[in-house]
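Taking it in order: structure first as structure tokens, then the write-up.
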Amino acid sequence: MLRTIFTLSVLAGGLLSANAIAAPTQDSAPPIVRAADTGGILVAQDGNLDIYYDARGNRVIVDADTGKVIAIQPPQTRLDRRALRRETRLRELGRAPEGDDRYYLDDPEDMARFRRQQLEEEGRVIPPPADEYDPYGDNAVEAYPPAPQDDGSYDDNYPDALQPAKPGTIKRQPLDEASIDPAQPATSADQAALPPETGGKTTVAPALSLGARQDVAALQVLLDRGGASPGVIDGRFGSNVDKALAAYNQITGANLRSTDAVAIQAALAQSGGDAFANYTITAEDAAGPYVASIPEDYSQKAQLDRMGYTSVTEALAERFHMDENYLKALNPDLDFNRPGTTIKVANFGKLVSTPVARIVADKDKKEVFAYDAGGRLVAAYPATIGSSDTPSPSGIHTVSRVALDPNYTYNPSINFKQGQNDKVLTIPPGPNGPVGSVWIALDKPTYGIHGTPDPSKIGKTESHGCVRLTNWDARELAKLVSPGVTVEFVGGPSADNLAQQ
């Protein structure tokens, strides 16, 4: 019995020893390598991988046990380990649909693509080219909604409450441009009656309101009050405003800046009050007369009785030193043809009254400076002074005479040729004549300082050698000068030099 038990123990020990010796032989067999699904990579040792990046940014996947390189993935074409594990798991579960696209909340690019896909499904996105796509941008069509239908009016208030925006959109509110504060009644007894507009109510095109700002218009009014004319008051910055501001500081000794709203309002309060005032159209304003239109051809101009105003808005704009379109924009849907209509106009204040002893016409600056007998600057005006083809004179000249509301003699053999007109023509007087409503003649024949039918173009176009101002600036200057006042032309080309050539 004991012998039998001993024999069985020996046999069992031998079998265990045989298994222990055989185990290493089994492990030393070649490792099993399984192929990934189509489009994947070869994974060894049950997915035990090491990932490295070389100097070129390539991703190198290495078998951690054997040290063999399994795959090399260039930048922008490789999958990350997280995506690889997720894809493998979903494929094992049979839950990865064909062409499925997945997103990760912690990946900004994924979230941008996810948002873009949502917008595409809602039909609110224009897919950008793949190489220009900005994952942080907003490419929705509704990100910038169409501009509201603008009837030319100006609102003083913003909407009561913002409407909730749709996902992916930006709501834009209208700017408070060219709106008018409550104006003070400020019509003086000597204000001349102005004619009416034949079309009745005014309608304002949407483009008229673009770029016009109340604060800029207020600055222009202040400059005009101080003797530094900005040209037309139109609520827009430009070279004429810049020149007028510099002249204003020289005239007043101030150091006003265009951005100092507090100082501008304080100066307005001290010089005449609000920048805008009310004006009531009278029966005399509605009487006329008017011309239907002003022809371009000089021979047709010569057939008219007068080069008068064509509309009430043109007449009122000139009366109050304003751009006609800006006047319309300030008074939308008002009937200028009806006596009793109250409109808002620029409160430009009193005109300069100091006599002028010397005038400087600066061709480079496109500006006219007027000085008193003591050499102090008392007024400055934006001007159009000659052109390269027909330059103004040079040197010092004198005022010979002043004519208000003059006619104009066209002589192509002396001046320029207009159209096909080769005969001498006499064009009747009026604010829409070639020299406007004022002619300040110089001692040099055919040259002078005069007005214009197009005040908004002063300082921005060219003339036929003369000095062109707005009608109201020319009228103010005409009242300040007398025969014998010197006019010095500085800078720019000269008619004398052109004659010598």
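As shown in the structure tokens, the chain order sets the letters A, B, ...; within each chain, residues go from 1, and ligands are also counted from 1 in the order they appear.
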
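By chain and then residue number, the residues within 7 Å of range 365-367 of chain A are A:Ala361, A:Asp362, A:Ala380, A:Tyr381, A:Pro382, A:Ala383, A:Thr384, A:Ile385, A:Gly459, counting only C-alpha atoms and disregarding those fewer than 3 positions away in sequence.
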
Determine, counting only C-alpha atoms, which protein, DNA and RNA residues have an atom within 7 Å of an atom of Phe489 in chain A; residues of the same chain fewer than 6 positions away are not included. Present the result as a PyMOL selection string.
chain A and resi 360-362+393-396

In range 250-403 of chain A, what's strand (DSSP E) per DSSP? Answer as a ChimeraX atom specification?
/A:276-280,342-346,358-362,367-371,377-382,384-385,395-403

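Ranking A:Tyr298, A:Trp439, A:Phe237, A:Tyr326 by their shortest atom-to-atom distance to Arg401 in chain A, with only C-alpha atoms included, puts A:Trp439 first.
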
Who sits within 8 Å of range 445-457 of chain A, only C-alpha atoms, same chain under 5 positions skipped, as a ChimeraX atom specification
/A:231-232,323,392,415,431-440,465-475

Residues of the last selection are to be written out with N, CA, C and O atoms, as a CSV table (one decimal), in the first residue's frame.
chain,number,residue,atom,x,y,z
A,231,GLY,N,-16.9,125.2,-44.8
A,231,GLY,CA,-17.6,125.0,-46.0
A,231,GLY,C,-19.1,124.6,-45.7
A,231,GLY,O,-19.7,125.2,-44.8
A,232,VAL,N,-19.6,123.6,-46.3
A,232,VAL,CA,-20.9,123.1,-46.0
A,232,VAL,C,-21.0,122.4,-44.7
A,232,VAL,O,-20.0,121.6,-44.4
A,323,ASP,N,-25.2,121.5,-46.3
A,323,ASP,CA,-25.3,120.6,-47.4
A,323,ASP,C,-26.8,120.3,-47.6
A,323,ASP,O,-27.5,120.0,-46.7
A,392,SER,N,-4.1,129.8,-61.0
A,392,SER,CA,-4.4,131.1,-60.6
A,392,SER,C,-3.1,132.0,-60.7
A,392,SER,O,-2.0,131.4,-60.8
A,415,ASN,N,-10.9,133.2,-71.9
A,415,ASN,CA,-10.9,132.2,-70.8
A,415,ASN,C,-10.7,130.8,-71.3
A,415,ASN,O,-9.8,130.5,-72.0
A,431,PRO,N,-27.6,132.6,-57.9
A,431,PRO,CA,-26.7,131.7,-57.2
A,431,PRO,C,-26.2,130.5,-57.9
A,431,PRO,O,-25.2,129.9,-57.5
A,432,ASN,N,-26.9,130.1,-58.9
A,432,ASN,CA,-26.5,128.9,-59.7
A,432,ASN,C,-25.7,129.3,-61.0
A,432,ASN,O,-25.5,128.5,-61.8
A,433,GLY,N,-25.3,130.6,-61.1
A,433,GLY,CA,-24.5,131.0,-62.2
A,433,GLY,C,-23.0,130.5,-62.0
A,433,GLY,O,-22.6,130.0,-60.9
A,434,PRO,N,-22.2,130.6,-63.0
A,434,PRO,CA,-20.8,130.1,-63.0
A,434,PRO,C,-20.0,130.8,-61.9
A,434,PRO,O,-19.1,130.1,-61.3
A,435,VAL,N,-20.3,132.0,-61.5
A,435,VAL,CA,-19.5,132.7,-60.4
A,435,VAL,C,-20.4,132.8,-59.1
A,435,VAL,O,-20.1,133.6,-58.2
A,436,GLY,N,-21.5,132.1,-59.1
A,436,GLY,CA,-22.4,132.2,-57.9
A,436,GLY,C,-23.0,133.6,-57.8
A,436,GLY,O,-23.4,134.2,-58.8
A,437,SER,N,-23.1,134.0,-56.5
A,437,SER,CA,-23.9,135.2,-56.2
A,437,SER,C,-22.9,136.4,-55.9
A,437,SER,O,-23.4,137.5,-55.5
A,438,VAL,N,-21.6,136.2,-56.0
A,438,VAL,CA,-20.6,137.3,-55.7
A,438,VAL,C,-19.5,137.2,-56.6
A,438,VAL,O,-19.0,136.2,-57.0
A,439,TRP,N,-19.0,138.4,-57.0
A,439,TRP,CA,-17.7,138.6,-57.8
A,439,TRP,C,-16.9,139.7,-57.1
A,439,TRP,O,-17.3,140.8,-57.1
A,440,ILE,N,-15.7,139.3,-56.6
A,440,ILE,CA,-14.7,140.2,-56.1
A,440,ILE,C,-13.6,140.3,-57.1
A,440,ILE,O,-12.8,139.4,-57.2
A,465,GLY,N,-8.9,129.1,-62.7
A,465,GLY,CA,-7.9,130.1,-62.4
A,465,GLY,C,-8.3,131.0,-61.2
A,465,GLY,O,-7.5,131.7,-60.6
A,466,CYS,N,-9.6,131.2,-61.0
A,466,CYS,CA,-10.1,132.1,-60.0
A,466,CYS,C,-10.1,131.4,-58.6
A,466,CYS,O,-9.8,130.2,-58.5
A,467,VAL,N,-10.5,132.2,-57.6
A,467,VAL,CA,-10.6,131.7,-56.2
A,467,VAL,C,-12.1,131.5,-56.0
A,467,VAL,O,-12.9,132.4,-56.0
A,468,ARG,N,-12.5,130.2,-55.8
A,468,ARG,CA,-13.9,129.9,-55.6
A,468,ARG,C,-14.2,129.5,-54.2
A,468,ARG,O,-13.6,128.7,-53.6
A,469,LEU,N,-15.3,130.2,-53.6
A,469,LEU,CA,-15.7,130.0,-52.2
A,469,LEU,C,-17.2,129.6,-52.3
A,469,LEU,O,-17.9,129.7,-53.4
A,470,THR,N,-17.8,129.1,-51.2
A,470,THR,CA,-19.2,129.0,-51.1
A,470,THR,C,-19.9,130.3,-51.3
A,470,THR,O,-19.2,131.4,-51.0
A,471,ASN,N,-21.1,130.4,-51.7
A,471,ASN,CA,-21.8,131.7,-51.9
A,471,ASN,C,-21.8,132.5,-50.6
A,471,ASN,O,-21.6,133.7,-50.6
A,472,TRP,N,-22.1,131.8,-49.5
A,472,TRP,CA,-22.2,132.5,-48.2
A,472,TRP,C,-20.9,133.0,-47.7
A,472,TRP,O,-20.8,134.1,-47.1
A,473,ASP,N,-19.8,132.3,-47.9
A,473,ASP,CA,-18.5,132.7,-47.5
A,473,ASP,C,-18.0,133.9,-48.4
A,473,ASP,O,-17.4,134.9,-47.9
A,474,ALA,N,-18.4,133.8,-49.7
A,474,ALA,CA,-18.0,134.9,-50.6
A,474,ALA,C,-18.8,136.2,-50.3
A,474,ALA,O,-18.2,137.3,-50.3
A,475,ARG,N,-20.0,136.0,-49.9
A,475,ARG,CA,-20.8,137.2,-49.5
A,475,ARG,C,-20.2,137.8,-48.2
A,475,ARG,O,-20.2,139.1,-48.1

Would you pick out the contacts of Asn411 in chain A at 9 Å or less, using only C-alpha atoms, so that residues sharing its chain but fewer than 4 positions from it are not included, and give the list as JSON, numbers by chain?
{"A": [415, 416, 417, 422, 423, 424, 425, 426]}

Atoms kept (N, CA and C atoms) for selection, written as an mmCIF file, in the first residue's frame:
data_model
loop_
_atom_site.group_PDB
_atom_site.id
_atom_site.type_symbol
_atom_site.label_atom_id
_atom_site.label_comp_id
_atom_site.auth_asym_id
_atom_site.auth_seq_id
_atom_site.Cartn_x
_atom_site.Cartn_y
_atom_site.Cartn_z
ATOM 1 N N ASN A 415 -10.895 133.194 -71.862
ATOM 2 C CA ASN A 415 -10.891 132.226 -70.757
ATOM 3 C C ASN A 415 -10.743 130.806 -71.285
ATOM 4 N N PHE A 416 -11.677 129.963 -70.949
ATOM 5 C CA PHE A 416 -11.676 128.559 -71.352
ATOM 6 C C PHE A 416 -12.819 128.349 -72.347
ATOM 7 N N LYS A 417 -12.843 127.188 -72.981
ATOM 8 C CA LYS A 417 -13.926 126.859 -73.893
ATOM 9 C C LYS A 417 -14.820 125.813 -73.251
ATOM 10 N N ASP A 422 -18.332 128.714 -79.024
ATOM 11 C CA ASP A 422 -17.181 129.498 -79.472
ATOM 12 C C ASP A 422 -17.508 130.970 -79.636
ATOM 13 N N LYS A 423 -18.645 131.409 -79.077
ATOM 14 C CA LYS A 423 -19.040 132.807 -79.146
ATOM 15 C C LYS A 423 -19.165 133.388 -77.744
ATOM 16 N N VAL A 424 -19.110 134.693 -77.661
ATOM 17 C CA VAL A 424 -19.267 135.383 -76.380
ATOM 18 C C VAL A 424 -20.725 135.255 -75.943
ATOM 19 N N LEU A 425 -20.923 134.873 -74.676
ATOM 20 C CA LEU A 425 -22.265 134.698 -74.119
ATOM 21 C C LEU A 425 -22.373 135.462 -72.805
ATOM 22 N N THR A 426 -23.568 135.987 -72.530
ATOM 23 C CA THR A 426 -23.832 136.632 -71.248
ATOM 24 C C THR A 426 -24.822 135.774 -70.480
#

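Reported to one decimal place, the separation of CA of Ala370 in chain A from CA of Ser258 in chain A is 23.1 Å.
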
Please, what distance in Å, to one decimal, runs between CA of Tyr408 in chain A and CA of Met322 in chain A?
25.2 Å

Taking only C-alpha atoms into account, which of A:Gly349, A:Gly235, A:Pro391, A:Gly288 comes nearest Ser271 in chain A?
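For Ser271 in chain A, the nearest of the candidates is A:Gly349.
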
Write out as a compact mmCIF listing (two decimals) with N, CA, C and O atoms, in the first residue's frame the set of residues from range 306-438 of chain A that DSSP, computed on the backbone, places in helix (DSSP H, G or I).
# COMPACT_ATOMS: atom_id res chain seq x y z
N VAL A 312 -36.69 124.36 -52.80
CA VAL A 312 -36.65 125.00 -51.49
C VAL A 312 -35.51 124.44 -50.65
O VAL A 312 -34.88 125.18 -49.89
N THR A 313 -35.22 123.16 -50.80
CA THR A 313 -34.12 122.59 -50.00
C THR A 313 -32.78 123.18 -50.41
O THR A 313 -31.91 123.40 -49.57
N GLU A 314 -32.60 123.46 -51.70
CA GLU A 314 -31.36 124.08 -52.14
C GLU A 314 -31.23 125.49 -51.57
O GLU A 314 -30.16 125.88 -51.08
N ALA A 315 -32.34 126.24 -51.59
CA ALA A 315 -32.31 127.60 -51.08
C ALA A 315 -32.09 127.64 -49.58
O ALA A 315 -31.28 128.42 -49.07
N LEU A 316 -32.81 126.80 -48.84
CA LEU A 316 -32.66 126.78 -47.39
C LEU A 316 -31.29 126.28 -46.97
O LEU A 316 -30.71 126.77 -46.00
N ALA A 317 -30.77 125.30 -47.67
CA ALA A 317 -29.44 124.78 -47.34
C ALA A 317 -28.40 125.89 -47.46
O ALA A 317 -27.53 126.05 -46.60
N GLU A 318 -28.49 126.69 -48.53
CA GLU A 318 -27.53 127.76 -48.70
C GLU A 318 -27.75 128.87 -47.66
O GLU A 318 -26.80 129.46 -47.16
N ARG A 319 -28.99 129.12 -47.33
CA ARG A 319 -29.28 130.15 -46.34
C ARG A 319 -28.67 129.81 -44.99
O ARG A 319 -28.21 130.68 -44.26
N GLU A 324 -27.28 120.32 -48.87
CA GLU A 324 -28.70 120.11 -49.14
C GLU A 324 -29.16 118.72 -48.71
O GLU A 324 -30.24 118.57 -48.12
N ASN A 325 -28.38 117.71 -48.96
CA ASN A 325 -28.76 116.35 -48.57
C ASN A 325 -28.84 116.21 -47.05
O ASN A 325 -29.69 115.48 -46.53
N TYR A 326 -27.94 116.89 -46.35
CA TYR A 326 -27.97 116.81 -44.90
C TYR A 326 -29.21 117.51 -44.34
O TYR A 326 -29.81 117.05 -43.37
N LEU A 327 -29.60 118.62 -44.94
CA LEU A 327 -30.82 119.30 -44.53
C LEU A 327 -32.03 118.38 -44.71
O LEU A 327 -32.90 118.32 -43.84
N LYS A 328 -32.08 117.68 -45.81
CA LYS A 328 -33.18 116.73 -46.04
C LYS A 328 -33.16 115.61 -44.99
O LYS A 328 -34.20 115.19 -44.51
N ALA A 329 -31.96 115.14 -44.68
CA ALA A 329 -31.86 114.04 -43.72
C ALA A 329 -32.32 114.46 -42.32
O ALA A 329 -32.86 113.64 -41.57
N LEU A 330 -32.12 115.72 -41.99
CA LEU A 330 -32.54 116.21 -40.67
C LEU A 330 -34.05 116.43 -40.59
O LEU A 330 -34.60 116.50 -39.49

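Rounded to one decimal, CA of Ala403 in chain A and CA of Ala244 in chain A lie 26.4 Å from each other.
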
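Between Ile281 in chain A and the candidates A:Leu334, A:Val378, A:Ile70, A:Ala217, the tightest atom-to-atom separation, counting only C-alpha atoms, involves A:Leu334.
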